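Student: Contents are CSV, C-alpha atoms; file name work_21.csv:
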```csv
chain,number,residue,atom,x,y,z
A,1,MET,CA,-14.7,18.3,21.1
A,2,ILE,CA,-12.3,17.5,18.4
A,3,GLU,CA,-9.2,15.7,19.8
A,4,PHE,CA,-5.7,15.9,18.3
A,5,TYR,CA,-2.8,13.6,19.2
A,6,ILE,CA,0.7,13.9,17.7
A,7,ASN,CA,3.0,11.0,18.4
A,8,GLY,CA,0.9,10.0,21.4
A,9,GLN,CA,0.8,13.6,22.9
A,10,GLN,CA,-2.5,15.5,23.0
A,11,VAL,CA,-2.3,19.0,21.5
A,12,ASP,CA,-4.7,21.9,21.3
A,13,VAL,CA,-5.8,22.7,17.8
A,14,GLN,CA,-8.2,25.4,16.5
A,15,ILE,CA,-10.6,24.2,13.8
A,16,GLU,CA,-11.4,27.1,11.5
A,17,ASP,CA,-13.3,26.5,8.3
A,18,GLU,CA,-12.6,22.8,8.0
A,19,GLN,CA,-15.8,20.9,7.1
A,20,THR,CA,-14.6,17.4,6.3
A,21,ILE,CA,-12.0,15.0,7.7
A,22,GLY,CA,-10.0,15.6,4.4
A,23,ASP,CA,-9.9,19.4,5.1
A,24,VAL,CA,-8.4,18.8,8.5
A,25,LEU,CA,-5.8,16.3,7.1
A,26,LYS,CA,-4.9,18.7,4.3
A,27,SER,CA,-4.4,21.7,6.7
A,28,PHE,CA,-2.4,19.5,9.1
A,29,GLU,CA,-0.2,18.3,6.3
A,30,SER,CA,0.7,21.8,5.2
A,31,THR,CA,1.4,22.8,8.8
A,32,CYS,CA,3.8,19.8,8.9
A,33,GLU,CA,5.5,20.8,5.7
A,34,GLU,CA,6.1,24.3,7.0
A,35,ASN,CA,7.7,22.8,10.0
A,36,ASN,CA,10.0,20.3,8.3
A,37,ALA,CA,7.9,17.4,9.3
A,38,ALA,CA,6.1,14.6,7.5
A,39,VAL,CA,3.0,12.5,8.4
A,40,ILE,CA,3.8,8.8,8.4
A,41,GLY,CA,0.6,7.5,10.0
A,42,ILE,CA,-3.0,8.7,10.5
A,43,THR,CA,-5.8,7.3,12.7
A,44,VAL,CA,-9.2,8.8,12.8
A,45,ASP,CA,-11.6,7.7,15.5
A,46,GLY,CA,-9.5,4.6,16.1
A,47,LYS,CA,-9.4,3.6,12.4
A,48,GLN,CA,-6.1,3.5,10.6
A,49,ILE,CA,-6.3,5.6,7.4
A,50,THR,CA,-4.4,3.7,4.7
A,51,ALA,CA,-3.8,4.9,1.1
A,52,ASP,CA,-6.6,2.6,-0.1
A,53,ILE,CA,-9.4,4.2,2.0
A,54,PHE,CA,-7.9,7.7,2.2
A,55,ASP,CA,-10.3,9.4,-0.3
A,56,GLU,CA,-13.4,7.7,1.1
A,57,GLU,CA,-12.5,8.7,4.7
A,58,ALA,CA,-11.4,12.2,3.7
A,59,ALA,CA,-14.8,12.9,2.2
A,60,LYS,CA,-16.6,12.3,5.5
A,61,PRO,CA,-17.9,15.3,7.4
A,62,LEU,CA,-16.2,16.4,10.5
A,63,GLY,CA,-18.0,15.1,13.6
A,64,GLN,CA,-18.4,16.9,16.9
A,65,ASN,CA,-16.0,14.4,18.7
A,66,THR,CA,-13.7,13.3,16.0
A,67,LYS,CA,-10.4,12.1,17.3
A,68,PHE,CA,-7.3,12.5,15.1
A,69,GLU,CA,-4.0,10.7,15.9
A,70,PHE,CA,-1.0,11.4,13.8
A,71,SER,CA,2.5,9.9,13.7
A,72,ILE,CA,5.0,12.3,12.4
A,73,VAL,CA,8.7,12.4,11.8
A,74,THR,CA,10.8,15.6,11.6
A,75,VAL,CA,14.0,16.4,9.7
A,76,ASN,CA,15.7,16.8,13.1
A,77,ASP,CA,14.5,13.3,14.2
A,78,ILE,CA,16.1,11.8,11.1
A,79,LYS,CA,19.3,13.8,11.6
A,80,ALA,CA,19.5,12.6,15.2
A,81,SER,CA,19.0,9.0,14.1
A,82,PHE,CA,21.6,9.3,11.4
A,83,ALA,CA,24.1,10.7,13.9
A,84,LYS,CA,23.4,7.7,16.2
A,85,LEU,CA,23.8,5.2,13.4
A,86,SER,CA,27.0,6.9,12.3
A,87,GLU,CA,28.5,6.1,15.8
A,88,LEU,CA,27.0,2.6,15.7
A,89,PHE,CA,28.5,1.8,12.2
A,90,ASN,CA,31.8,3.1,13.4
A,91,GLU,CA,31.8,0.8,16.4
A,92,LEU,CA,30.7,-2.1,14.2
A,93,ALA,CA,33.6,-1.4,11.8
A,94,VAL,CA,36.0,-1.8,14.6
A,95,GLN,CA,34.3,-5.0,15.7
A,96,MET,CA,34.3,-6.4,12.2
A,97,GLU,CA,38.0,-5.6,11.8
A,98,GLY,CA,38.6,-7.7,14.9
A,99,VAL,CA,36.6,-10.7,13.8
A,100,PRO,CA,39.6,-12.8,12.5
A,101,VAL,CA,41.5,-12.4,15.8
A,102,SER,CA,38.3,-13.1,17.8
A,103,LEU,CA,37.7,-16.3,15.8
A,104,GLN,CA,41.3,-17.4,16.2
A,105,SER,CA,40.9,-17.0,20.0
A,106,GLY,CA,37.7,-18.9,20.1
A,107,LYS,CA,35.4,-15.9,20.8
A,108,ASN,CA,32.6,-17.2,18.6
A,109,LEU,CA,29.8,-15.9,20.7
A,110,GLU,CA,31.3,-12.4,20.6
A,111,VAL,CA,31.5,-12.7,16.8
A,112,SER,CA,27.9,-13.9,16.4
A,113,GLU,CA,26.7,-11.0,18.6
A,114,SER,CA,28.5,-8.5,16.4
A,115,ILE,CA,27.0,-10.0,13.3
A,116,LYS,CA,23.5,-9.9,14.7
A,117,LYS,CA,24.1,-6.2,15.7
A,118,LEU,CA,25.3,-5.6,12.1
A,119,ALA,CA,22.1,-7.1,10.6
A,120,ASP,CA,19.9,-5.0,13.0
A,121,SER,CA,21.8,-1.8,12.2
A,122,ILE,CA,21.5,-2.3,8.5
A,123,ASP,CA,17.7,-2.8,8.9
A,124,GLN,CA,17.4,0.3,11.0
A,125,PHE,CA,19.5,2.3,8.5
A,126,CYS,CA,17.2,1.2,5.6
A,127,HIS,CA,14.1,2.2,7.6
A,128,ILE,CA,15.5,5.7,8.4
A,129,ALA,CA,16.8,6.2,4.8
A,130,THR,CA,13.2,5.5,3.7
A,131,LEU,CA,11.9,8.2,6.1
A,132,ALA,CA,14.6,10.5,4.9
A,133,SER,CA,13.3,10.2,1.3
A,134,LEU,CA,10.2,12.1,2.5
A,135,PHE,CA,12.5,15.2,2.7
A,136,PRO,CA,14.2,15.1,-0.7
A,137,GLU,CA,15.3,18.8,-0.4
A,138,THR,CA,17.1,18.1,2.9
A,139,PHE,CA,18.5,14.7,2.3
A,140,THR,CA,19.7,14.4,-1.2
A,141,ASN,CA,20.9,11.0,-2.4
A,142,GLU,CA,24.1,11.2,-0.3
A,143,SER,CA,27.0,9.5,-1.8
A,144,MET,CA,29.4,7.0,-0.3
A,145,ASN,CA,32.6,6.7,-2.3
A,146,GLY,CA,30.8,8.3,-5.3
A,147,ALA,CA,27.9,5.9,-5.2
A,148,ASN,CA,24.4,6.8,-3.9
A,149,PHE,CA,22.8,4.7,-1.2
A,150,LYS,CA,21.0,2.5,-3.6
A,151,GLU,CA,24.1,1.7,-5.7
A,152,PHE,CA,26.2,1.3,-2.6
A,153,PHE,CA,23.8,-1.3,-1.1
A,154,ALA,CA,23.3,-3.0,-4.5
A,155,GLU,CA,27.1,-3.7,-4.4
A,156,PHE,CA,27.2,-4.4,-0.6
A,157,SER,CA,24.3,-6.9,-0.6
A,158,PRO,CA,26.2,-9.8,-2.4
A,159,ILE,CA,29.1,-9.4,0.1
A,160,LEU,CA,26.6,-9.8,2.9
A,161,LYS,CA,25.1,-12.8,1.2
A,162,ASP,CA,28.6,-14.4,0.9
A,163,PHE,CA,29.1,-13.6,4.5
A,164,GLU,CA,25.9,-15.3,5.5
A,165,ASP,CA,26.9,-18.4,3.4
A,166,ALA,CA,30.3,-18.4,5.1
A,167,LEU,CA,28.5,-18.3,8.5
A,168,GLN,CA,26.2,-21.2,7.6
A,169,ASN,CA,29.2,-23.3,6.4
A,170,ASN,CA,31.3,-22.3,9.4
A,171,ASP,CA,34.0,-21.1,7.0
A,172,THR,CA,36.0,-19.1,9.5
A,173,VAL,CA,38.7,-18.1,7.0
A,174,MET,CA,36.1,-16.6,4.7
A,175,ILE,CA,34.2,-15.0,7.6
A,176,GLY,CA,37.4,-13.3,8.8
A,177,ASP,CA,38.4,-12.1,5.3
A,178,LEU,CA,35.0,-10.7,4.5
A,179,SER,CA,34.7,-9.0,7.9
A,180,GLU,CA,38.1,-7.3,7.7
A,181,TYR,CA,38.5,-6.5,4.1
A,182,GLU,CA,35.0,-6.1,2.7
A,183,ILE,CA,32.6,-5.2,5.5
A,184,CYS,CA,34.8,-3.1,7.8
A,185,PRO,CA,35.7,-0.5,5.1
A,186,ARG,CA,32.1,-0.2,3.9
A,187,LEU,CA,30.9,0.4,7.4
A,188,LYS,CA,33.4,3.2,7.8
A,189,ASP,CA,32.1,4.7,4.5
A,190,ILE,CA,28.5,4.6,5.8
A,191,SER,CA,29.5,6.0,9.2
A,192,LYS,CA,31.3,8.9,7.4
A,193,ALA,CA,28.4,9.6,5.0
A,194,LEU,CA,25.9,9.7,7.9
A,195,LYS,CA,28.1,12.0,10.0
A,196,GLU,CA,28.2,14.5,7.1
A,197,MET,CA,24.4,14.6,6.9
```
As structure tokens - that is how I would like this structure written.
Tutor:
Amino acid sequence: MIEFYINGQQVDVQIEDEQTIGDVLKSFESTCEENNAAVIGITVDGKQITADIFDEEAAKPLGQNTKFEFSIVTVNDIKASFAKLSELFNELAVQMEGVPVSLQSGKNLEVSESIKKLADSIDQFCHIATLASLFPETFTNESMNGANFKEFFAEFSPILKDFEDALQNNDTVMIGDLSEYEICPRLKDISKALKEM
């Protein structure tokens, strides 16, 4: 009995003329493409199939009890994640705008929580943007103020680096200025671009 799992859920699949593990993988991949999905992880009989061993594993004959486990992501998953991130970046923009006032009123803990949330959100955004690149026909290189994501972040990164330095040096004036005038408007741009996706 050949077992199939997609994102942890068991599914019924009919095997037709597939002879090798590679045949099954190829036919599953084309099914995914037809359904606006992409495979981001494959495990066969408990063994993770990486790019390095793919060809070797794909050549193996299909066993009676082969177990396939796939991790997939769909265009809709990515759109939903972008929509969530759009709201999150919008909230963060408001928080960053309020940093100078928060610092003046001694709410340092609040400020450091906002900053941690900002760092996590940017990480999350980069991860989802990487997944979105699996669907180039759906997610073109969206522009933010006329720059694509890559250019936008190339220009945003040094600002975040200055921000990190200001935090380490406890330079509250610099932290406040960067939050309000540099980071806040860019978060609004990201939020807007994500909403339009």
Student: Tell me which protein, DNA and RNA residues are within 10 Å of segment 52-67 of chain A, counting all atoms listed in the file, leaving out same-chain ones fewer than 2 positions away, and put them as a PyMOL selection string.
Tutor: chain A and resi 1-5+18-26+42-50+69
Student: Do you have the atom CA of Lys192 of chain A-atom CA of Ser71 of chain A distance handy?
Tutor: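 Interatomic distance here is 29.5 Å.
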Student: Around (34.1, -4.1, 3.0), as given in the file, which residues come within 12 Å? Count only C-alpha atoms and list them as a ChimeraX atom specification.
Tutor: /A:92-94,96-97,152-153,155-160,162-163,175-190
Student: Can you work out which one of A:Asp12, A:Lys79, A:Ala37, A:Val173 has the shortest atom-to-atom distance to Val101 of chain A, counting all atoms listed in the file?
Tutor: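 For Val101 of chain A, the nearest of the candidates is A:Val173.
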Student: What's the separation between atom CA of Phe125 of chain A and atom CA of Phe28 of chain A, in Å to one decimal place?
Tutor: 27.9 Å
Student: Go ahead and compute the interatomic distance for atom CA of Ala51 of chain A and atom CA of Ile122 of chain A, in Å to one decimal.
Tutor: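 Rounded to one decimal, the two atoms are 27.3 Å apart.
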Student: List the spatial neighbours of Asn76 of chain A as a PDB file with C-alpha atoms, in the frame of the given file - criterion: any atom at most 12 Å away, all atoms listed in the file, same-chain residues fewer than 2 positions off excluded.
Tutor:
```
ATOM      1  CA  ASN A  35       7.700  22.800  10.000  1.00  0.00           C
ATOM      2  CA  ASN A  36      10.000  20.300   8.300  1.00  0.00           C
ATOM      3  CA  ALA A  37       7.900  17.400   9.300  1.00  0.00           C
ATOM      4  CA  ALA A  38       6.100  14.600   7.500  1.00  0.00           C
ATOM      5  CA  ILE A  72       5.000  12.300  12.400  1.00  0.00           C
ATOM      6  CA  VAL A  73       8.700  12.400  11.800  1.00  0.00           C
ATOM      7  CA  THR A  74      10.800  15.600  11.600  1.00  0.00           C
ATOM      8  CA  ILE A  78      16.100  11.800  11.100  1.00  0.00           C
ATOM      9  CA  LYS A  79      19.300  13.800  11.600  1.00  0.00           C
ATOM     10  CA  ALA A  80      19.500  12.600  15.200  1.00  0.00           C
ATOM     11  CA  SER A  81      19.000   9.000  14.100  1.00  0.00           C
ATOM     12  CA  PHE A  82      21.600   9.300  11.400  1.00  0.00           C
ATOM     13  CA  ALA A  83      24.100  10.700  13.900  1.00  0.00           C
ATOM     14  CA  LEU A 131      11.900   8.200   6.100  1.00  0.00           C
ATOM     15  CA  ALA A 132      14.600  10.500   4.900  1.00  0.00           C
ATOM     16  CA  PHE A 135      12.500  15.200   2.700  1.00  0.00           C
ATOM     17  CA  THR A 138      17.100  18.100   2.900  1.00  0.00           C
ATOM     18  CA  PHE A 139      18.500  14.700   2.300  1.00  0.00           C
ATOM     19  CA  MET A 197      24.400  14.600   6.900  1.00  0.00           C
TER      20      MET A 197
END
```
